[in-house]
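Asker: Take a look at model.tsv, TSV, N, CA and C atoms:
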```tsv
chain	number	residue	atom	x	y	z
A	76	ALA	N	0.84	-1.19	0.00
A	76	ALA	CA	0.00	0.00	0.00
A	76	ALA	C	0.88	1.24	0.00
A	77	THR	N	0.32	2.30	-0.47
A	77	THR	CA	1.09	3.53	-0.55
A	77	THR	C	0.34	4.67	0.09
A	78	MET	N	1.06	5.74	0.31
A	78	MET	CA	0.46	6.98	0.78
A	78	MET	C	0.28	7.87	-0.44
A	79	LYS	N	0.05	9.14	-0.21
A	79	LYS	CA	-0.10	10.09	-1.31
A	79	LYS	C	1.16	10.07	-2.18
A	80	GLY	N	0.96	10.07	-3.47
A	80	GLY	CA	2.11	10.00	-4.38
A	80	GLY	C	2.68	8.59	-4.38
A	81	ASP	N	3.97	8.47	-4.51
A	81	ASP	CA	4.61	7.16	-4.54
A	81	ASP	C	5.31	6.82	-3.23
A	82	LYS	N	5.15	7.64	-2.22
A	82	LYS	CA	5.82	7.39	-0.94
A	82	LYS	C	5.18	6.19	-0.25
A	83	ARG	N	6.00	5.24	0.14
A	83	ARG	CA	5.51	4.01	0.78
A	83	ARG	C	5.06	4.30	2.21
A	84	CYS	N	3.94	3.71	2.59
A	84	CYS	CA	3.45	3.82	3.97
A	84	CYS	C	4.44	3.11	4.89
A	85	PHE	N	4.97	3.82	5.87
A	85	PHE	CA	5.99	3.22	6.72
A	85	PHE	C	5.43	2.12	7.63
A	86	LEU	N	4.12	2.05	7.77
A	86	LEU	CA	3.52	0.97	8.56
A	86	LEU	C	3.22	-0.27	7.73
A	87	CYS	N	3.23	-0.14	6.41
A	87	CYS	CA	3.05	-1.30	5.53
A	87	CYS	C	4.42	-1.91	5.28
A	88	ILE	N	4.75	-2.88	6.08
A	88	ILE	CA	6.11	-3.42	6.04
A	88	ILE	C	6.10	-4.88	5.62
A	89	ASP	N	7.21	-5.31	5.08
A	89	ASP	CA	7.41	-6.70	4.70
A	89	ASP	C	7.77	-7.49	5.95
A	90	ALA	N	7.20	-8.68	6.09
A	90	ALA	CA	7.45	-9.50	7.28
A	90	ALA	C	8.94	-9.77	7.46
A	91	GLN	N	9.69	-9.80	6.39
A	91	GLN	CA	11.13	-10.06	6.48
A	91	GLN	C	11.89	-8.88	7.07
A	92	ASP	N	11.25	-7.72	7.11
A	92	ASP	CA	11.92	-6.52	7.61
A	92	ASP	C	11.52	-6.17	9.04
A	93	ASP	N	10.93	-7.11	9.78
A	93	ASP	CA	10.44	-6.81	11.12
A	93	ASP	C	11.50	-6.18	12.01
A	94	GLU	N	12.69	-6.74	12.03
A	94	GLU	CA	13.73	-6.20	12.92
A	94	GLU	C	14.11	-4.78	12.51
A	95	LYS	N	14.32	-4.58	11.22
A	95	LYS	CA	14.68	-3.25	10.73
A	95	LYS	C	13.56	-2.24	10.97
A	96	ALA	N	12.32	-2.70	10.84
A	96	ALA	CA	11.17	-1.81	10.99
A	96	ALA	C	10.74	-1.64	12.45
A	97	LEU	N	11.42	-2.32	13.37
A	97	LEU	CA	11.14	-2.24	14.82
A	97	LEU	C	9.81	-2.89	15.21
A	98	VAL	N	9.37	-3.89	14.41
A	98	VAL	CA	8.20	-4.68	14.80
A	98	VAL	C	8.62	-5.60	15.93
A	99	ILE	N	7.86	-5.56	17.03
A	99	ILE	CA	8.23	-6.39	18.19
A	99	ILE	C	7.28	-7.55	18.40
A	100	GLY	N	6.19	-7.62	17.64
A	100	GLY	CA	5.30	-8.76	17.76
A	100	GLY	C	4.17	-8.69	16.76
A	101	ARG	N	3.65	-9.88	16.44
A	101	ARG	CA	2.52	-9.99	15.51
A	101	ARG	C	1.49	-10.93	16.13
A	102	PHE	N	0.23	-10.64	15.87
A	102	PHE	CA	-0.85	-11.50	16.32
A	102	PHE	C	-1.97	-11.41	15.30
A	103	GLY	N	-2.19	-12.48	14.54
A	103	GLY	CA	-3.27	-12.52	13.56
A	103	GLY	C	-3.17	-11.41	12.54
A	104	LYS	N	-4.17	-10.54	12.53
A	104	LYS	CA	-4.28	-9.48	11.53
A	104	LYS	C	-3.66	-8.16	11.98
A	105	ALA	N	-2.83	-8.20	13.03
A	105	ALA	CA	-2.25	-6.96	13.57
A	105	ALA	C	-0.82	-7.19	14.04
A	106	PHE	N	-0.11	-6.09	14.28
A	106	PHE	CA	1.24	-6.17	14.81
A	106	PHE	C	1.50	-4.97	15.71
A	107	VAL	N	2.57	-5.06	16.49
A	107	VAL	CA	2.98	-3.95	17.35
A	107	VAL	C	4.38	-3.52	16.94
A	108	ILE	N	4.57	-2.21	16.84
A	108	ILE	CA	5.82	-1.65	16.34
A	108	ILE	C	6.27	-0.53	17.28
A	109	MET	N	7.57	-0.45	17.49
A	109	MET	CA	8.10	0.65	18.29
A	109	MET	C	8.01	1.95	17.49
A	110	ASN	N	7.70	3.03	18.16
A	110	ASN	CA	7.62	4.33	17.49
A	110	ASN	C	9.03	4.91	17.35
A	111	ARG	N	9.42	5.25	16.13
A	111	ARG	CA	10.76	5.82	15.89
A	111	ARG	C	10.90	7.22	16.49
A	112	PHE	N	9.78	7.89	16.71
A	112	PHE	CA	9.78	9.23	17.29
A	112	PHE	C	8.86	9.23	18.51
A	113	PRO	N	9.28	8.54	19.58
A	113	PRO	CA	8.39	8.32	20.73
A	113	PRO	C	8.11	9.58	21.54
A	114	TYR	N	6.89	9.63	22.10
A	114	TYR	CA	6.52	10.69	23.04
A	114	TYR	C	7.24	10.46	24.36
A	115	THR	N	7.36	9.19	24.76
A	115	THR	CA	8.14	8.81	25.94
A	115	THR	C	8.83	7.50	25.62
A	116	ASN	N	9.80	7.10	26.44
A	116	ASN	CA	10.47	5.82	26.24
A	116	ASN	C	9.45	4.69	26.24
A	117	GLY	N	9.57	3.77	25.28
A	117	GLY	CA	8.68	2.62	25.22
A	117	GLY	C	7.42	2.81	24.42
A	118	HIS	N	7.23	3.98	23.83
A	118	HIS	CA	6.03	4.27	23.03
A	118	HIS	C	5.94	3.30	21.86
A	119	VAL	N	4.82	2.57	21.77
A	119	VAL	CA	4.60	1.63	20.67
A	119	VAL	C	3.27	1.93	20.00
A	120	MET	N	3.08	1.33	18.83
A	120	MET	CA	1.83	1.47	18.09
A	120	MET	C	1.33	0.09	17.69
A	121	VAL	N	0.04	-0.13	17.82
A	121	VAL	CA	-0.60	-1.37	17.40
A	121	VAL	C	-1.32	-1.08	16.09
A	122	VAL	N	-1.04	-1.90	15.08
A	122	VAL	CA	-1.39	-1.57	13.70
A	122	VAL	C	-2.07	-2.76	13.01
A	123	PRO	N	-3.13	-2.51	12.24
A	123	PRO	CA	-3.65	-3.60	11.42
A	123	PRO	C	-2.68	-3.87	10.27
A	124	VAL	N	-2.54	-5.13	9.88
A	124	VAL	CA	-1.67	-5.46	8.75
A	124	VAL	C	-2.19	-4.80	7.48
A	125	ARG	N	-3.50	-4.83	7.29
A	125	ARG	CA	-4.10	-4.26	6.10
A	125	ARG	C	-4.05	-2.73	6.17
A	126	HIS	N	-3.71	-2.11	5.06
A	126	HIS	CA	-3.60	-0.66	4.98
A	126	HIS	C	-5.00	-0.05	4.92
A	127	THR	N	-5.37	0.65	5.99
A	127	THR	CA	-6.62	1.41	6.01
A	127	THR	C	-6.49	2.53	7.02
A	128	GLY	N	-7.07	3.65	6.69
A	128	GLY	CA	-7.05	4.78	7.61
A	128	GLY	C	-8.38	4.98	8.31
A	129	LEU	N	-9.34	4.10	8.04
A	129	LEU	CA	-10.68	4.28	8.54
A	129	LEU	C	-11.00	3.30	9.66
A	130	ALA	N	-11.30	3.81	10.85
A	130	ALA	CA	-11.67	2.95	11.97
A	130	ALA	C	-12.90	2.12	11.61
A	131	GLU	N	-13.84	2.74	10.91
A	131	GLU	CA	-15.07	2.06	10.57
A	131	GLU	C	-14.88	0.99	9.50
A	132	ASP	N	-13.71	0.96	8.87
A	132	ASP	CA	-13.40	-0.02	7.83
A	132	ASP	C	-12.74	-1.28	8.40
A	133	LEU	N	-12.33	-1.24	9.66
A	133	LEU	CA	-11.69	-2.41	10.27
A	133	LEU	C	-12.69	-3.55	10.40
A	134	THR	N	-12.23	-4.76	10.06
A	134	THR	CA	-13.08	-5.93	10.27
A	134	THR	C	-13.11	-6.25	11.76
A	135	ASP	N	-14.08	-7.06	12.18
A	135	ASP	CA	-14.14	-7.46	13.58
A	135	ASP	C	-12.86	-8.21	13.98
A	136	GLU	N	-12.34	-9.04	13.07
A	136	GLU	CA	-11.12	-9.80	13.35
A	136	GLU	C	-9.92	-8.86	13.54
A	137	GLU	N	-9.79	-7.86	12.67
A	137	GLU	CA	-8.70	-6.89	12.80
A	137	GLU	C	-8.82	-6.13	14.12
A	138	SER	N	-10.04	-5.67	14.43
A	138	SER	CA	-10.25	-4.92	15.67
A	138	SER	C	-9.91	-5.77	16.89
A	139	LEU	N	-10.36	-7.01	16.89
A	139	LEU	CA	-10.12	-7.89	18.02
A	139	LEU	C	-8.63	-8.19	18.17
A	140	ASP	N	-7.94	-8.44	17.07
A	140	ASP	CA	-6.50	-8.70	17.14
A	140	ASP	C	-5.74	-7.48	17.65
A	141	MET	N	-6.17	-6.29	17.26
A	141	MET	CA	-5.52	-5.07	17.75
A	141	MET	C	-5.73	-4.92	19.27
A	142	VAL	N	-6.94	-5.20	19.73
A	142	VAL	CA	-7.20	-5.10	21.16
A	142	VAL	C	-6.47	-6.20	21.93
A	143	ARG	N	-6.36	-7.39	21.35
A	143	ARG	CA	-5.62	-8.47	22.01
A	143	ARG	C	-4.15	-8.08	22.20
A	144	ILE	N	-3.55	-7.50	21.17
A	144	ILE	CA	-2.15	-7.05	21.30
A	144	ILE	C	-2.05	-5.94	22.34
A	145	THR	N	-3.00	-5.02	22.33
A	145	THR	CA	-2.99	-3.93	23.30
A	145	THR	C	-3.03	-4.48	24.72
A	146	LYS	N	-3.89	-5.45	24.97
A	146	LYS	CA	-3.97	-6.07	26.29
A	146	LYS	C	-2.64	-6.72	26.69
A	147	LYS	N	-2.02	-7.43	25.75
A	147	LYS	CA	-0.73	-8.07	26.03
A	147	LYS	C	0.33	-7.02	26.38
A	148	MET	N	0.31	-5.91	25.63
A	148	MET	CA	1.30	-4.85	25.89
A	148	MET	C	1.07	-4.21	27.25
A	149	VAL	N	-0.19	-4.05	27.67
A	149	VAL	CA	-0.48	-3.50	28.99
A	149	VAL	C	0.16	-4.37	30.07
A	150	VAL	N	0.00	-5.67	29.94
A	150	VAL	CA	0.59	-6.61	30.91
A	150	VAL	C	2.11	-6.49	30.91
A	151	ILE	N	2.71	-6.45	29.74
A	151	ILE	CA	4.17	-6.34	29.63
A	151	ILE	C	4.66	-5.05	30.27
A	152	PHE	N	4.01	-3.94	29.95
A	152	PHE	CA	4.44	-2.65	30.53
A	152	PHE	C	4.30	-2.65	32.05
A	153	LYS	N	3.22	-3.21	32.56
A	153	LYS	CA	3.01	-3.23	34.02
A	153	LYS	C	4.00	-4.16	34.71
A	154	GLU	N	4.17	-5.37	34.17
A	154	GLU	CA	4.99	-6.37	34.84
A	154	GLU	C	6.48	-6.18	34.60
A	155	GLU	N	6.87	-5.85	33.39
A	155	GLU	CA	8.30	-5.78	33.04
A	155	GLU	C	8.89	-4.39	33.20
A	156	PHE	N	8.10	-3.36	32.96
A	156	PHE	CA	8.62	-1.99	32.99
A	156	PHE	C	8.12	-1.17	34.17
A	157	LYS	N	7.22	-1.78	34.97
A	157	LYS	CA	6.72	-1.14	36.20
A	157	LYS	C	6.24	0.29	35.94
A	158	VAL	N	5.46	0.48	34.87
A	158	VAL	CA	4.96	1.81	34.54
A	158	VAL	C	3.96	2.27	35.60
A	159	ASP	N	3.84	3.58	35.75
A	159	ASP	CA	2.85	4.15	36.67
A	159	ASP	C	1.48	4.24	35.99
A	160	GLY	N	1.46	4.25	34.66
A	160	GLY	CA	0.21	4.32	33.92
A	160	GLY	C	0.49	4.23	32.43
A	161	LEU	N	-0.56	4.23	31.65
A	161	LEU	CA	-0.45	4.14	30.19
A	161	LEU	C	-1.49	5.04	29.55
A	162	ASN	N	-1.11	5.75	28.50
A	162	ASN	CA	-2.07	6.42	27.64
A	162	ASN	C	-2.26	5.49	26.45
A	163	ILE	N	-3.52	5.17	26.14
A	163	ILE	CA	-3.84	4.31	25.01
A	163	ILE	C	-4.90	5.04	24.20
A	164	GLY	N	-4.61	5.26	22.90
A	164	GLY	CA	-5.58	5.99	22.12
A	164	GLY	C	-5.32	5.96	20.63
A	165	ILE	N	-6.35	6.39	19.90
A	165	ILE	CA	-6.30	6.47	18.45
A	165	ILE	C	-6.60	7.90	18.04
A	166	ASN	N	-5.73	8.51	17.25
A	166	ASN	CA	-5.99	9.83	16.69
A	166	ASN	C	-6.61	9.64	15.31
A	167	VAL	N	-7.86	10.05	15.15
A	167	VAL	CA	-8.57	9.88	13.88
A	167	VAL	C	-8.68	11.24	13.21
A	168	GLY	N	-7.94	11.43	12.13
A	168	GLY	CA	-7.96	12.70	11.41
A	168	GLY	C	-6.88	13.65	11.88
A	169	ARG	N	-6.43	14.48	10.96
A	169	ARG	CA	-5.35	15.42	11.25
A	169	ARG	C	-5.74	16.40	12.35
A	170	ALA	N	-7.01	16.82	12.39
A	170	ALA	CA	-7.46	17.76	13.42
A	170	ALA	C	-7.34	17.16	14.82
A	171	ALA	N	-7.36	15.84	14.91
A	171	ALA	CA	-7.23	15.15	16.20
A	171	ALA	C	-5.78	14.83	16.52
A	172	GLY	N	-4.86	15.20	15.64
A	172	GLY	CA	-3.45	14.97	15.90
A	172	GLY	C	-2.84	13.80	15.17
A	173	ALA	N	-3.58	13.19	14.24
A	173	ALA	CA	-3.03	12.04	13.51
A	173	ALA	C	-1.89	12.51	12.61
A	174	GLY	N	-0.71	11.95	12.84
A	174	GLY	CA	0.44	12.26	11.99
A	174	GLY	C	0.41	11.44	10.71
A	175	LEU	N	-0.25	10.29	10.77
A	175	LEU	CA	-0.40	9.41	9.61
A	175	LEU	C	-1.87	9.03	9.54
A	176	GLU	N	-2.62	9.73	8.72
A	176	GLU	CA	-4.07	9.47	8.60
A	176	GLU	C	-4.37	8.23	7.76
A	177	GLU	N	-3.44	7.84	6.90
A	177	GLU	CA	-3.70	6.80	5.91
A	177	GLU	C	-3.67	5.38	6.46
A	178	HIS	N	-3.08	5.17	7.65
A	178	HIS	CA	-3.00	3.83	8.23
A	178	HIS	C	-3.28	3.95	9.72
A	179	ILE	N	-4.47	3.54	10.12
A	179	ILE	CA	-4.91	3.70	11.51
A	179	ILE	C	-4.01	2.90	12.45
A	180	HIS	N	-3.83	3.38	13.66
A	180	HIS	CA	-3.01	2.68	14.64
A	180	HIS	C	-3.39	3.15	16.04
A	181	ILE	N	-3.14	2.29	17.01
A	181	ILE	CA	-3.39	2.59	18.42
A	181	ILE	C	-2.05	2.94	19.06
A	182	HIS	N	-1.98	4.11	19.69
A	182	HIS	CA	-0.78	4.48	20.45
A	182	HIS	C	-0.86	3.87	21.84
A	183	ILE	N	0.23	3.31	22.31
A	183	ILE	CA	0.36	2.90	23.71
A	183	ILE	C	1.59	3.63	24.24
A	184	VAL	N	1.35	4.54	25.17
A	184	VAL	CA	2.42	5.40	25.68
A	184	VAL	C	2.59	5.14	27.18
A	185	PRO	N	3.71	4.53	27.56
A	185	PRO	CA	3.95	4.31	28.99
A	185	PRO	C	4.17	5.63	29.71
A	186	ARG	N	3.68	5.70	30.95
A	186	ARG	CA	3.77	6.95	31.71
A	186	ARG	C	4.36	6.68	33.09
A	187	TRP	N	5.13	7.64	33.54
A	187	TRP	CA	5.68	7.62	34.89
A	187	TRP	C	5.38	8.95	35.53
A	188	PHE	N	5.15	8.95	36.82
A	188	PHE	CA	4.86	10.21	37.52
A	188	PHE	C	5.97	11.21	37.25
A	189	GLY	N	5.59	12.43	36.88
A	189	GLY	CA	6.54	13.50	36.65
A	189	GLY	C	7.11	13.57	35.26
A	190	ASP	N	6.70	12.68	34.32
A	190	ASP	CA	7.32	12.70	32.99
A	190	ASP	C	6.87	13.91	32.16
A	191	THR	N	5.58	14.22	32.11
A	191	THR	CA	5.05	15.35	31.33
A	191	THR	C	3.56	15.45	31.62
A	192	ASN	N	2.90	16.49	31.12
A	192	ASN	CA	1.45	16.51	31.27
A	192	ASN	C	0.83	15.71	30.13
A	193	PHE	N	-0.45	15.38	30.24
A	193	PHE	CA	-1.09	14.51	29.27
A	193	PHE	C	-1.40	15.17	27.93
A	194	MET	N	-1.45	16.50	27.85
A	194	MET	CA	-1.92	17.17	26.63
A	194	MET	C	-1.14	16.80	25.37
A	195	PRO	N	0.19	16.81	25.37
A	195	PRO	CA	0.88	16.54	24.11
A	195	PRO	C	1.02	15.05	23.77
A	196	VAL	N	0.54	14.17	24.62
A	196	VAL	CA	0.83	12.76	24.43
A	196	VAL	C	0.08	12.14	23.27
A	197	LEU	N	-1.22	12.32	23.17
A	197	LEU	CA	-1.98	11.68	22.10
A	197	LEU	C	-2.43	12.65	21.03
A	198	SER	N	-1.86	13.84	21.03
A	198	SER	CA	-2.21	14.82	20.03
A	198	SER	C	-1.01	15.74	19.81
A	199	SER	N	-0.94	16.32	18.64
A	199	SER	CA	0.16	17.26	18.38
A	199	SER	C	-0.17	18.65	18.95
A	200	SER	N	-1.37	18.79	19.50
A	200	SER	CA	-1.77	20.10	20.05
A	200	SER	C	-1.08	20.37	21.38
A	201	ARG	N	-0.95	21.61	21.71
A	201	ARG	CA	-0.34	22.00	22.98
A	201	ARG	C	-1.29	22.94	23.71
A	202	ASN	N	-1.39	22.77	24.99
A	202	ASN	CA	-2.21	23.66	25.80
A	202	ASN	C	-1.27	24.66	26.45
A	203	LEU	N	-1.32	25.89	26.01
A	203	LEU	CA	-0.39	26.90	26.49
A	203	LEU	C	-0.72	27.38	27.90
A	204	LEU	N	-1.85	26.97	28.43
A	204	LEU	CA	-2.23	27.38	29.77
A	204	LEU	C	-1.61	26.50	30.86
A	205	LEU	N	-1.09	25.35	30.49
A	205	LEU	CA	-0.51	24.45	31.49
A	205	LEU	C	0.93	24.80	31.79
```
As structure tokens, please, write out the structure in this file.
Answerer:
Amino acid sequence: ATMKGDKRCFLCIDAQDDEKALVIGRFGKAFVIMNRFPYTNGHVMVVPVRHTGLAEDLTDEESLDMVRITKKMVVIFKEEFKVDGLNIGINVGRAAGAGLEEHIHIHIVPRWFGDTNFMPVLSSSRNLLL
């Protein structure tokens, strides 16, 4: 799949390139990938294998596999990384902060007390009053 023009969607990756692409796990119709530009250490994204930017276009199987991976990652972050909390969310549309509208994904952002405020985590917007 491609994005606008001939630029390849960075989330549409070849299974042979998992290590290079920072894919850390696959489950059915979805995979989890480390974010190259993380909001905090450990920031990952859960992605459907099929290229789609529409939440309403996801099949039940794709949705379930994405949630299954998200649940597994929550356990890993809690047990292995002793996080204080997690931000989990989907930015739908550029106005909501989606940096890549063409391929939907779930952000999982580990949080520790004192790291930052929540405003910039799941959106590119900034609250200047904080």
Asker: If we count only C-alpha atoms, what is near stretch 113-120 of chain A at a cut-off of 6 Å, once residues fewer than 6 positions away on the same chain are taken out, given as a list of chain:residue names?
Answerer: A:Val107, A:Ile181, A:His182, A:Ile183, A:Val184
Asker: Just the number, please: distance in Å from atom CA of A:Asn162 to atom N of A:Ile108, one decimal.
Answerer: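 Calculated distance between atom CA of A:Asn162 and atom N of A:Ile108 is 15.3 Å.
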Asker: Would you compute an axis-aligned box for stretch 131-147 of chain A, covering every atom listed for it in the file with 4 Å of margin on each side, and report centre and edge lengths in Å to one decimal as lines of an AutoDock Vina configuration file?
Answerer:
```
center_x = -7.4
center_y = -3.5
center_z = 17.3
size_x = 23.4
size_y = 20.5
size_z = 26.9
```
Asker: Running DSSP on the backbone, which parts of chain A land in helix (DSSP H, G or I), as an MDAnalysis selection string?
Answerer: chainID A and resid 90:96 130:132 135:155 169:171
Asker: May I ask for the distance between atom C of A:Trp187 and atom CA of A:Leu161, given in Å to one decimal place?
Answerer: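 Between atom C of A:Trp187 and atom CA of A:Leu161 the gap works out to 9.3 Å.
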Asker: What does the distance from atom CA of A:Ala173 to atom CA of A:Glu155 come to in Å, to one decimal?
Answerer: 28.8 Å
Asker: So which one's closest to A:Lys157, A:Arg186, A:Glu137, A:Phe102, A:Ile179? Using only N, CA and C atoms, please.
Answerer: A:Arg186
Asker: Enumerate the residues of chain A with a DSSP assignment of strand (DSSP E), computed from the backbone, and present them as a ChimeraX atom specification.
Answerer: /A:98-102,105-109,119-123,160-164,181-186
Asker: In terms of the shortest atom-to-atom distance over only C-alpha atoms, which of A:Gly174, A:Phe188, A:Thr145, A:Val158 is closest to A:Phe112?
Answerer: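 Ranked by minimum distance to A:Phe112, first place goes to A:Gly174.
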Asker: Measuring between all atoms listed in the file, which one of A:Leu86, A:Val124, A:Ile151, A:Leu133 shows the shortest distance to A:Lys104?
Answerer: A:Val124
Asker: Taking only C-alpha atoms into account, name the residue in A:Ile165, A:Ala96, A:Ala105, A:Val149 that is nearest to A:Ala130.
Answerer: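 Among the listed residues, A:Ile165 lies closest to A:Ala130.
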Asker: Could you give me, as a PDB file with N, CA and C atoms, in the coordinates of the input, the residues within 6.5 Å of A:Glu176, counting only N, CA and C atoms and dropping anything in the same chain fewer than 5 positions from it?
Answerer:
```pdb
ATOM      1  N   THR A 127      -5.370   0.650   5.990  1.00  0.00           N
ATOM      2  CA  THR A 127      -6.620   1.410   6.010  1.00  0.00           C
ATOM      3  C   THR A 127      -6.490   2.530   7.020  1.00  0.00           C
ATOM      4  N   GLY A 128      -7.070   3.650   6.690  1.00  0.00           N
ATOM      5  CA  GLY A 128      -7.050   4.780   7.610  1.00  0.00           C
ATOM      6  C   GLY A 128      -8.380   4.980   8.310  1.00  0.00           C
ATOM      7  N   LEU A 129      -9.340   4.100   8.040  1.00  0.00           N
ATOM      8  CA  LEU A 129     -10.680   4.280   8.540  1.00  0.00           C
ATOM      9  C   LEU A 129     -11.000   3.300   9.660  1.00  0.00           C
ATOM     10  N   GLY A 168      -7.940  11.430  12.130  1.00  0.00           N
ATOM     11  CA  GLY A 168      -7.960  12.700  11.410  1.00  0.00           C
ATOM     12  C   GLY A 168      -6.880  13.650  11.880  1.00  0.00           C
ATOM     13  N   ARG A 169      -6.430  14.480  10.960  1.00  0.00           N
ATOM     14  CA  ARG A 169      -5.350  15.420  11.250  1.00  0.00           C
ATOM     15  C   ARG A 169      -5.740  16.400  12.350  1.00  0.00           C
TER      16      ARG A 169
END
```
